[in-house]
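Take a look at the structure set out below.
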Amino acid sequence: MASTIRVRATANGDTTEVQALVQHPMDSGFFKDSSGNLIPPHHIEVLEFEHAGKSVFTALWGPAVAKDPYVKFSFKGAQKGDDLTVSWVDNKGESDSLVAKIQ
């Protein structure tokens, strides 16, 4: 299965800018399907980015985040060629992770 995560991390001087897109339905549990039945909640609860074994960004989410969330942030202390690990876990116990090289 292909990863649900797309990430770009670019080092510029002492700052690394990260952009990530996560493919996920992010269903809130408040909407109905075409038959009128509620669609059960299915959303990411924890999204984490790690560099050199340390967390550089953690998002704790609930059902109010839009489908296919996009995240952009920057941090210091990384260099080109370093690994950046991205992982998420949702409320159904599903998860995905990806290791990307910082450009």
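Chain labels run A, B, ... following the order of the structure tokens; each chain numbers its residues from 1, and ligands are numbered from 1 in the order shown.
The residue set within 10 Å of region 14-20 of chain A, counting only C-alpha atoms and dropping same-chain residues fewer than 6 places from it, reads Ile5, Arg6, Val7, Arg8, Phe49, Pro69, Tyr70, Val71, Lys72, Phe73, Ser74, Phe75, Lys76, Gly77, Ala78, Gln79, Lys80, Leu84, Val86, Ile102 and Gln103 of chain A.
Every protein, DNA or RNA residue with an atom at most 12 Å from Ala2 (chain A), where only C-alpha atoms count and chain neighbours fewer than 6 positions away do not, is listed here: Val22, Gln23, Asp96, Ser97 and Leu98 of chain A.
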Review point. Where in region 13-101 of chain A does DSSP assign strand (DSSP E or B), given as a ChimeraX atom specification?
Key: /A:15-22,27,32,38,42,44-51,54-60,70-76,83-90,95-101
Residue with smallest distance to Lys67 (chain A) - pool A:Pro25, A:Gly93, A:Gly53, A:Pro41, counting only C-alpha atoms
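Smallest separation from Lys67 (chain A) among the options: A:Pro25.
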query: For Val65 (chain A), which residue among A:Met26, A:Ala9, A:Leu21, A:Ala52 is the nearest when counting only C-alpha atoms?
result: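 Looking only at the distances to Val65 (chain A), the closest residue turns out to be A:Met26.
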Exercise for review: Go through A:Asp90, A:Lys101, A:Phe30, A:Thr4 one by one, measure the shortest atom-to-atom distance of each to Glu45 (chain A) using only C-alpha atoms, and give the residue with the smallest value.
Suggested key: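 The closest residue to Glu45 (chain A) is A:Asp90.
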Pairwise distance, CA of Trp61 (chain A) with CA of Ile44 (chain A), equals 6.2 Å
